[in-house]
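For reference, the structure is listed below as structure tokens.
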Amino acid sequence: MRTDSSPGSLPAREHLPALPAAGAGTPVLDVVIPVYNEEKDLRPCVLRLHEHLTRTFPYAFRITVADNASTDATGHVAARLAAELARVRSVRLEQKGRGRALRTVWSASDAPVLAYMDVDLSTDLNALLPLVAPLISGHSDLAIGSRLARSSRVVRGAKREFISRSYNLILRGSLQARFSDAQCGFKAIRRDVARVLLPLVEDTGWFFDTEMLVLAERAGCRIHEVPVDWVDDPDSTVHIVRTATEDLKGVWRVGKALATGSLPLDRLARPFGDDPRDRELAGVPQGLARQLVGFCVVGVLSTLFYLLLYSGFRHFAGAQAANALALLVSALANTAANRRLTFGVRGRGGAVRHQAQGLVVFGIGLVLTAGSLAALNAAASDPGHSTELAVLIAANLAATVLRFLLLRAWVFPDARPSLPAPRAVQVTERQGPGPYHPRSGVTERLRPVPCADTDPGDGR
């Protein structure tokens with residue numbers, strides 16, 4: 001595993017080298033089970049997971065029970081398990097929060113692949129090896145279990161099904177998320193990627209992994225999805241209304257941060273050459289296909305916008321005046337949209353110059369469309385409105401080709417839409433071996449629970 005990448009840079013994907021065999025050396029996989037007051041379910045969960053990994057996982061592994069401020073005998077059950085099983089450890093945190101528990105343990109772990117699952121083991125464990133295999137091979141950066149994939153088999157009530165699907169639709173609509181299932185408690189991440197992403201994740205509760213996935217996707221990380229078999233736990237203690245409220249607050253916070261550009265996520269300066277989009281290919285114009293697609297989309301929307309404006313202005317102005325006004329307004333919008341979406345230019349630098357050059361292109365379009373209208377009026381004394389629109393559409397199609405060539409060669413000649421310019425991520429220096437907390441800058445140290453043979457029922 002690479003360890004030479006500077007803070008704020010995603011490492012190059014590569015196969016994990018020299019993996020220790022099962023039962024030997026540093027664990028390849030560290031599975032975290034965050035728990036709060038789970039004294040009843042913890043022991044059978046850990047024993048079942050331990051048996052499954054021993055039987056099926058070909059590399060060394062570790063199971064970490066992250067007890068986040070339990071008030072029952074959960075801590076004692078975890079300590080007894082750690083004493084009985086060599087590949088199980090117990091960590092105690094004094095504050096609640098599933099996200100806090102995951103960040104704390106993941107940040108301090110020495111395993112190159114980090115995973116977590118809920119204590120109820122609702123997800124069939126046969127999906128665990130397919131979950132982590134793409135991370136070990138270097139194919140993917142994160143992996144998630146999906147209950148919404150077509151080949152998944154899920155047993156749960158209509159209420160939870162509705163809430164889950166609604167939540168993921170909200171993520172797709174508001175944050176443009178492309179992963180299918182944000183809430184399934186069955187995820188994994190490479191440690192080198194976690195080291196860069198975790199300092200940017202603010203949430204410490206149930207929204208933690210959703211925020212991590214959104215940021216990872218926006219940063220250009222590859223997220224692998226595994227269809228899972230999943231059976232709902234009817235005894236789940238999750239408070240649905242409170243959790244949903246906090247999740248919606250998190251969606252608003254992250255959406256606002258992305259909209260204002262306060263998160264430096266331009267693929268987090270992943271090394272050039274690791275992504276095939278970074279490679280210079282002889283004879284292939286940089287980003288031409290992507291620019292054409294973006295330009296066509298913007299062009300269609302601009303044409304519709306132009307026609308709507310022309311129809312509106314035509315009620316109180318002549319054909320030439322309505323055409324000029326509609327073309328001017330739509331040209332300003334078209335230049336701004338192409339600047340950002342087609343040619344990937346960000347920030348305000350050069351915006352005035354780009355608009356000025358766009359107006360020159362607008363002038364050329366005005367000449368073409370005005371000349372078309374003049375020719376139409378010369379050919380017919382009183383052409384119908386539909387005829388005018390047809391002529392304008394034809395003229396705009398001709399002007400569109402010239403507009404793209406001018407925008408690409410003159411207005412935005414140095415734009416590289418396939419790769420936004422990487423920006424460094426400022427990460428506060430950590431104070432010791434514990435994980436960094438983005439809000440306070442304070443390092444939290446893990447406090448291992450002694451593995452003494454204590455009685456789980458002593459009430460402490």
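Chain labels follow the order of the structure tokens: the first chain is A, the next B, and so on; residue numbering restarts at 1 in every chain, and ligands are counted from 1 in their shown order.
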- Message: Can you pull out the residues contacting stretch 134-141 of chain A? Cut-off 12 Å, using only C-alpha atoms, and skip same-chain residues under 6 positions away; I want them as a ChimeraX atom specification.
- Response: /A:1-2,10-19,28-29,58-59,111-115,128,187-197,212-213,216-217,219-226,274-275
- Task: Excluding stretch 299-313 of chain A and residues on its chain fewer than 5 positions from it, collect all residues at most 7 Å away from it, counting only C-alpha atoms, and give them as a ChimeraX atom specification.
- Result: /A:322-323,326-327,330,334
- Item | Pick from A:Arg160, A:Val293, A:Val298, A:Thr104, whichever lies nearest to A:Thr204 using only C-alpha atoms |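 Using only C-alpha atoms, A:Thr204 sits closest to A:Thr104.
For the pair atom CA of A:Arg100 and atom CA of A:Phe162, the separation is 27.6 Å.
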- Task: Mind checking which residues fall within 7 Å of A:Val32, counting only C-alpha atoms, ignoring those fewer than 3 positions away in the same chain, and posting them as an MDAnalysis selection string?
- Result: chainID A and resid 63:66 115:117
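What separates atom CA of A:Ala289 from atom CA of A:Pro413 is a distance of 15.5 Å.
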- Test item: residues at most 7 Å from stretch 43-56 of chain A, only C-alpha atoms, excluding those fewer than 2 positions along its chain, as a PyMOL selection string: chain A and resi 41+58+77+119-121
Write out the residues from the selection above, keeping all heavy atoms, as a PDB file, in the first residue's frame.
ATOM      1  N   ASP A  41     -27.145  -8.819  21.713  1.00  0.00           N
ATOM      2  CA  ASP A  41     -26.834  -9.281  20.362  1.00  0.00           C
ATOM      3  C   ASP A  41     -25.344  -9.327  20.049  1.00  0.00           C
ATOM      4  O   ASP A  41     -24.943  -9.942  19.056  1.00  0.00           O
ATOM      5  CB  ASP A  41     -27.515  -8.376  19.332  1.00  0.00           C
ATOM      6  CG  ASP A  41     -29.025  -8.440  19.413  1.00  0.00           C
ATOM      7  OD1 ASP A  41     -29.547  -9.494  19.818  1.00  0.00           O
ATOM      8  OD2 ASP A  41     -29.685  -7.430  19.074  1.00  0.00           O
ATOM      9  N   PRO A  58      -9.316 -15.319   2.969  1.00  0.00           N
ATOM     10  CA  PRO A  58      -7.987 -15.914   2.790  1.00  0.00           C
ATOM     11  C   PRO A  58      -6.839 -15.139   3.413  1.00  0.00           C
ATOM     12  O   PRO A  58      -5.698 -15.609   3.373  1.00  0.00           O
ATOM     13  CB  PRO A  58      -7.847 -15.952   1.262  1.00  0.00           C
ATOM     14  CG  PRO A  58      -8.673 -14.801   0.778  1.00  0.00           C
ATOM     15  CD  PRO A  58      -9.832 -14.712   1.724  1.00  0.00           C
ATOM     16  N   VAL A  77     -19.122  -7.436  27.711  1.00  0.00           N
ATOM     17  CA  VAL A  77     -19.254  -8.508  26.724  1.00  0.00           C
ATOM     18  C   VAL A  77     -18.148  -8.374  25.680  1.00  0.00           C
ATOM     19  O   VAL A  77     -17.518  -9.376  25.286  1.00  0.00           O
ATOM     20  CB  VAL A  77     -20.639  -8.457  26.047  1.00  0.00           C
ATOM     21  CG1 VAL A  77     -20.737  -9.493  24.940  1.00  0.00           C
ATOM     22  CG2 VAL A  77     -21.742  -8.669  27.080  1.00  0.00           C
ATOM     23  N   VAL A 119     -24.537  -4.486  14.004  1.00  0.00           N
ATOM     24  CA  VAL A 119     -24.454  -5.625  14.912  1.00  0.00           C
ATOM     25  C   VAL A 119     -25.566  -6.649  14.680  1.00  0.00           C
ATOM     26  O   VAL A 119     -25.427  -7.815  15.039  1.00  0.00           O
ATOM     27  CB  VAL A 119     -24.483  -5.123  16.376  1.00  0.00           C
ATOM     28  CG1 VAL A 119     -25.868  -4.576  16.728  1.00  0.00           C
ATOM     29  CG2 VAL A 119     -24.079  -6.207  17.356  1.00  0.00           C
ATOM     30  N   ASP A 120     -26.643  -6.252  14.048  1.00  0.00           N
ATOM     31  CA  ASP A 120     -27.726  -7.205  13.832  1.00  0.00           C
ATOM     32  C   ASP A 120     -27.450  -8.186  12.696  1.00  0.00           C
ATOM     33  O   ASP A 120     -28.201  -9.151  12.508  1.00  0.00           O
ATOM     34  CB  ASP A 120     -29.051  -6.471  13.574  1.00  0.00           C
ATOM     35  CG  ASP A 120     -28.964  -5.489  12.398  1.00  0.00           C
ATOM     36  OD1 ASP A 120     -28.018  -5.610  11.589  1.00  0.00           O
ATOM     37  OD2 ASP A 120     -29.832  -4.616  12.301  1.00  0.00           O
ATOM     38  N   LEU A 121     -26.370  -7.934  11.935  1.00  0.00           N
ATOM     39  CA  LEU A 121     -26.000  -8.805  10.808  1.00  0.00           C
ATOM     40  C   LEU A 121     -27.188  -9.068   9.883  1.00  0.00           C
ATOM     41  O   LEU A 121     -27.426 -10.192   9.444  1.00  0.00           O
ATOM     42  CB  LEU A 121     -25.425 -10.134  11.317  1.00  0.00           C
ATOM     43  CG  LEU A 121     -24.083 -10.060  12.064  1.00  0.00           C
ATOM     44  CD1 LEU A 121     -23.557 -11.456  12.339  1.00  0.00           C
ATOM     45  CD2 LEU A 121     -23.054  -9.252  11.278  1.00  0.00           C
TER      46      LEU A 121
END
- Task: Pick out the residues sitting within 12 Å of stretch 409-411 of chain A, and hand them over as a list in words; count only C-alpha atoms, and ignore anything fewer than 3 positions along from it in its own chain.
- Result: Pro285, Leu288, Thr335, Ala336, Asn338, Arg339, Phe343, Val345, Gly350, Ala351, Val352, Arg353, His354, Gln355, Ala356, Gln357, Gly358, Leu359, Val360, Val361, Leu402, Arg403, Phe404, Leu405, Leu406, Asp414 and Ala415 of chain A
Could those selected residues go to a file with N, CA, C and O atoms, as a compact mmCIF listing (two decimals), in the first residue's frame?
# COMPACT_ATOMS: atom_id res chain seq x y z
N PRO A 285 -8.01 15.05 -29.71
CA PRO A 285 -8.23 16.35 -29.06
C PRO A 285 -8.69 16.15 -27.62
O PRO A 285 -9.54 15.31 -27.35
N LEU A 288 -12.69 16.43 -26.47
CA LEU A 288 -13.57 16.87 -27.54
C LEU A 288 -14.95 16.24 -27.44
O LEU A 288 -15.97 16.92 -27.57
N THR A 335 -23.28 31.57 -22.92
CA THR A 335 -21.85 31.69 -22.65
C THR A 335 -21.53 31.26 -21.22
O THR A 335 -20.55 30.54 -20.98
N ALA A 336 -22.35 31.69 -20.26
CA ALA A 336 -22.12 31.31 -18.87
C ALA A 336 -22.24 29.80 -18.67
O ALA A 336 -21.43 29.18 -17.97
N ASN A 338 -21.93 27.37 -21.03
CA ASN A 338 -20.83 26.68 -21.71
C ASN A 338 -19.51 26.87 -20.97
O ASN A 338 -18.67 25.96 -20.94
N ARG A 339 -19.32 28.03 -20.42
CA ARG A 339 -18.09 28.29 -19.66
C ARG A 339 -17.93 27.30 -18.51
O ARG A 339 -16.84 26.77 -18.28
N PHE A 343 -16.83 23.67 -20.91
CA PHE A 343 -15.38 23.84 -20.93
C PHE A 343 -14.75 23.81 -19.54
O PHE A 343 -13.55 24.00 -19.40
N VAL A 345 -14.61 25.77 -16.94
CA VAL A 345 -13.94 26.93 -16.36
C VAL A 345 -14.66 27.34 -15.08
O VAL A 345 -15.87 27.59 -15.10
N GLY A 350 -11.60 35.98 -15.57
CA GLY A 350 -11.82 36.01 -17.02
C GLY A 350 -13.27 35.97 -17.43
O GLY A 350 -13.56 35.89 -18.64
N ALA A 351 -14.21 36.03 -16.48
CA ALA A 351 -15.62 35.91 -16.82
C ALA A 351 -16.09 37.07 -17.71
O ALA A 351 -16.84 36.86 -18.68
N VAL A 352 -15.63 38.29 -17.41
CA VAL A 352 -16.04 39.45 -18.21
C VAL A 352 -15.51 39.32 -19.62
O VAL A 352 -16.22 39.57 -20.61
N ARG A 353 -14.23 38.92 -19.75
CA ARG A 353 -13.65 38.76 -21.08
C ARG A 353 -14.39 37.68 -21.86
O ARG A 353 -14.64 37.83 -23.06
N HIS A 354 -14.72 36.58 -21.19
CA HIS A 354 -15.44 35.50 -21.87
C HIS A 354 -16.81 35.97 -22.37
O HIS A 354 -17.23 35.63 -23.48
N GLN A 355 -17.49 36.78 -21.53
CA GLN A 355 -18.79 37.28 -21.96
C GLN A 355 -18.65 38.24 -23.14
O GLN A 355 -19.47 38.25 -24.05
N ALA A 356 -17.59 39.05 -23.11
CA ALA A 356 -17.36 39.98 -24.22
C ALA A 356 -17.10 39.22 -25.52
O ALA A 356 -17.65 39.56 -26.58
N GLN A 357 -16.27 38.19 -25.43
CA GLN A 357 -16.02 37.38 -26.62
C GLN A 357 -17.28 36.63 -27.04
O GLN A 357 -17.54 36.45 -28.23
N GLY A 358 -18.08 36.22 -26.04
CA GLY A 358 -19.34 35.56 -26.36
C GLY A 358 -20.29 36.48 -27.10
O GLY A 358 -21.07 36.04 -27.94
N LEU A 359 -20.23 37.80 -26.79
CA LEU A 359 -21.08 38.75 -27.49
C LEU A 359 -20.66 38.91 -28.95
O LEU A 359 -21.50 39.18 -29.82
N VAL A 360 -19.37 38.74 -29.20
CA VAL A 360 -18.91 38.77 -30.59
C VAL A 360 -19.51 37.58 -31.34
O VAL A 360 -20.00 37.72 -32.48
N VAL A 361 -19.47 36.43 -30.67
CA VAL A 361 -20.09 35.24 -31.27
C VAL A 361 -21.59 35.48 -31.45
O VAL A 361 -22.19 35.07 -32.44
N LEU A 402 -20.76 27.07 -35.99
CA LEU A 402 -19.74 28.12 -35.95
C LEU A 402 -19.48 28.57 -34.52
O LEU A 402 -18.33 28.84 -34.13
N ARG A 403 -20.54 28.63 -33.70
CA ARG A 403 -20.40 29.06 -32.32
C ARG A 403 -19.50 28.10 -31.53
O ARG A 403 -18.63 28.52 -30.77
N PHE A 404 -19.68 26.78 -31.72
CA PHE A 404 -18.85 25.82 -31.00
C PHE A 404 -17.38 25.96 -31.40
O PHE A 404 -16.49 25.95 -30.54
N LEU A 405 -17.13 26.10 -32.70
CA LEU A 405 -15.75 26.24 -33.14
C LEU A 405 -15.09 27.49 -32.58
O LEU A 405 -13.93 27.47 -32.16
N LEU A 406 -15.84 28.59 -32.54
CA LEU A 406 -15.28 29.83 -31.99
C LEU A 406 -15.07 29.74 -30.48
O LEU A 406 -14.06 30.21 -29.96
N ASP A 414 -7.82 27.17 -23.77
CA ASP A 414 -6.98 26.41 -22.84
C ASP A 414 -7.79 25.58 -21.87
O ASP A 414 -7.22 25.03 -20.92
N ALA A 415 -9.11 25.51 -22.06
CA ALA A 415 -9.93 24.76 -21.12
C ALA A 415 -9.68 23.27 -21.26
O ALA A 415 -9.54 22.75 -22.36
- Task: List every residue of stretch 34-172 of chain A that DSSP, applied to the backbone of this structure, assigns to alpha helix (DSSP H), and report them as a ChimeraX atom specification.
- Result: /A:42-56,74-84,98-108,128-137,158-172
- Item | One-decimal distance in Å that lies between atom CA of A:Trp206 and atom CA of A:Arg242 | 10.2 Å
